[in-house]
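Beneath this line is the structure, given in structure tokens, with notes to follow.
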Amino acid sequence: MHPDFQSWASEQLALVETCLEKHLPETNCAPARLHDAMRYSVLGGGKRVRPLLSFAAGELSGADKTHATIAGAAVELIHVYSLVHDDLPCMDNDTLRRGKPTCHVRYDEPTALLVGDSLQSLAFQLLTETNLTEDPHVQLEMVRHLAFAAGSRGMAGGQAIDLDSVGKTLSLPELEFMHIHKTGALIRAAVILGARCGNRLDETQFKLLDHFAKCMGLAFQVIDDILDTEATTAALGKTAGKDAENNKPTYVSILGIKQARELAHELRQEATGVLNQFGSEALRLQQVTDFIVQREF
Ligand code: GRG
């Protein structure tokens, strides 16, 4: 990782952590158990990739740092809600998340359900209680964008397709369609919301940025599948990752590891090609992209 990027990222991570900490309800306020579970699920864990994208896109568009922090934190809250629900027995039935017992294991299932619901509401509360742009219509568009990205035509829809794909063979376009929704929609929202906090970009540039984010979101997922396979192979000597073992189609199960790596490389090249059109102003976004595609965890 570039040393300059490392110190920049640490600074941004501290900002988003402080913002999340400040806006999550305290445990001394009722209902204490729910608030404790919300804080347990959100704080002190995760790579915070989505807020980093909001910060970097915000720098490109000349956003106020405080505003980009709020945009990134709102997207992160939706992301954590999705992880808490995804881990539930009725979905992926996972016991570990971010190196700790999952929310329903540490607390209980009804609490985990309510944690997800409450984090989703908190995201929109956060996004609406501060003026993030001079033009209120732009802020309204940010709220609409996040709502759309989280809903049935975005992340929740992608999750429905994912659940429905168990035991099925998906074609590559079908797998791509699922991931563009399940993980891609929120990655795109992180980039676009961060950028909407500034006023330096025109609508053509927003289209370019969205195309960049779409490639990045897919690259993120392909790499996730590769890392999942590699981790399972190293730990158990098996050649399929957790999702494949759960009978879910993955990029590796469909393409094989070599072609999946090639696809990740192509998507990264395409994302970089789009960023190059912004010139040196997009350096941070390039660095975050490199961080995401070179990650080893
Ligand atoms: C329950 C409505 C609903 C949606 C769930 C995103 C999602 C949809 C489920 C997550 C399942 C999963 C593990 C997908 C693989 C890619 C992914 C999103 C991994 C987790 O994101 P990271 O790597 O996690 O950014 P951290 O913990 O670093 O934030």
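To be explicit about the labels: the chains of the structure tokens are called A, B, and onward in the order shown, and within each one the residues are counted from 1, while ligands get numbers from 1 in the order they are shown.
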
Contact check, stretch 93-169 of chain A to stretch 45-67 of chain A, at most 10 Å, counting only C-alpha atoms, closest pairs as JSON lines:
```
{"residue": "A:Arg97", "atom": "CA", "partner": "A:Gly46", "partner_atom": "CA", "distance": 9.1}
{"residue": "A:Arg98", "atom": "CA", "partner": "A:Gly45", "partner_atom": "CA", "distance": 6.0}
{"residue": "A:Gly99", "atom": "CA", "partner": "A:Gly45", "partner_atom": "CA", "distance": 8.4}
{"residue": "A:Lys100", "atom": "CA", "partner": "A:Gly45", "partner_atom": "CA", "distance": 9.2}
{"residue": "A:Leu127", "atom": "CA", "partner": "A:His67", "partner_atom": "CA", "distance": 9.3}
{"residue": "A:Thr130", "atom": "CA", "partner": "A:His67", "partner_atom": "CA", "distance": 8.2}
{"residue": "A:Asn131", "atom": "CA", "partner": "A:His67", "partner_atom": "CA", "distance": 8.1}
{"residue": "A:Leu132", "atom": "CA", "partner": "A:His67", "partner_atom": "CA", "distance": 5.3}
{"residue": "A:Thr133", "atom": "CA", "partner": "A:His67", "partner_atom": "CA", "distance": 8.0}
```

Give me, as a VMD selection string, all polymer residues having an atom no more than 12 Å from stretch 31-34 of chain A, counting only C-alpha atoms and skipping those fewer than 5 positions away in the same chain.
chain A and resid 24 to 26 39 to 41 103 to 104 106 to 119

Any chance you could export the current selection's C-alpha atoms as a short mmCIF file (atom, residue, chain, number, x, y, z; two decimals), in the first residue's frame?
```cif
data_model
loop_
_atom_site.label_atom_id
_atom_site.label_comp_id
_atom_site.auth_asym_id
_atom_site.auth_seq_id
_atom_site.Cartn_x
_atom_site.Cartn_y
_atom_site.Cartn_z
CA LEU A 24 -25.34 5.37 17.31
CA PRO A 25 -27.63 5.51 20.35
CA GLU A 26 -25.87 5.16 23.71
CA ARG A 39 -23.00 -0.68 18.62
CA TYR A 40 -21.55 -4.21 18.82
CA SER A 41 -22.41 -4.80 15.15
CA CYS A 103 -25.18 -10.52 16.23
CA HIS A 104 -27.86 -13.23 16.62
CA ARG A 106 -24.05 -12.86 20.70
CA TYR A 107 -27.60 -11.57 21.40
CA ASP A 108 -30.57 -13.42 19.88
CA GLU A 109 -32.45 -13.63 16.58
CA PRO A 110 -35.22 -11.09 17.31
CA THR A 111 -32.58 -8.59 18.49
CA ALA A 112 -30.52 -9.14 15.32
CA LEU A 113 -33.61 -8.54 13.21
CA LEU A 114 -34.29 -5.28 15.04
CA VAL A 115 -30.63 -4.24 14.82
CA GLY A 116 -30.86 -4.46 11.02
CA ASP A 117 -34.15 -2.54 10.95
CA SER A 118 -32.81 0.16 13.27
CA LEU A 119 -29.52 0.59 11.39
#
```

Would you mind writing down, as a PyMOL selection string, each residue of stretch 101-247 of chain A that DSSP on the backbone assigns to helix (DSSP H, G or I)?
chain A and resi 103-106+109-128+136-150+155-164+172-196+203-236+242-245

Excluding A:Val143 and its own-chain neighbours fewer than 6 positions away, which residues fall within 9 Å of it when counting only C-alpha atoms? Please give them as a PyMOL selection string.
chain A and resi 124+127-128+193

Give me, as a VMD selection string, all polymer residues having an atom no more than 12 Å from A:Ile192, counting only C-alpha atoms and skipping those fewer than 2 positions away in the same chain.
chain A and resid 50 to 51 53 to 61 63 68 71 to 72 75 138 to 139 141 to 146 149 185 to 190 194 to 198 201 203 205 to 214

When DSSP is applied to the backbone of this structure, which of stretch 90-172 of chain A are assigned strand (DSSP E or B)? Write them out as an NGL selection string.
:A and (96-97 or 100-101)

Would you work out the distance separating atom CA of A:Leu285 from atom CA of A:Ala9, expressed in Å to one decimal?
11.4 Å

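Counting from atom CA of A:Gln294, the distance to atom CA of A:His179 is 19.5 Å.
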
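Considering only C-alpha atoms, the residue among A:Val42, A:Leu227, A:Ile161, A:Ala271 positioned nearest to A:Ser82 is A:Val42.
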
Expressed in Å to a single decimal, how great is the separation between atom 3 (C, counted along the ligand's line) of ligand 1 and atom CA of A:Glu266?
27.8 Å

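You can rank A:Glu174, A:Asp87, A:Glu281, A:Asp135 by their closest distance to ligand 1 using only C-alpha atoms and all ligand atoms, and at the top of that list sits A:Asp87.
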
Using only C-alpha atoms, the residue out of A:Arg268, A:Arg153, A:Lys182, A:Lys22 with shortest distance to A:His79 is A:Lys182

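Distance annotation: of A:Thr289, A:Ser10, A:Gln120, A:Gln125, the residue with the minimal separation from A:Ala264 is A:Thr289; atom set is only C-alpha atoms.
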
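Closest approach to ligand 1 among A:Ala156, A:Val288, A:Val293, A:Ala150: A:Ala156, based on only C-alpha atoms and all ligand atoms.
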
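Closest approach to ligand 1 among A:Phe278, A:Tyr251, A:Phe291, A:Tyr81 is made by A:Tyr81 (distances from only C-alpha atoms and all ligand atoms).
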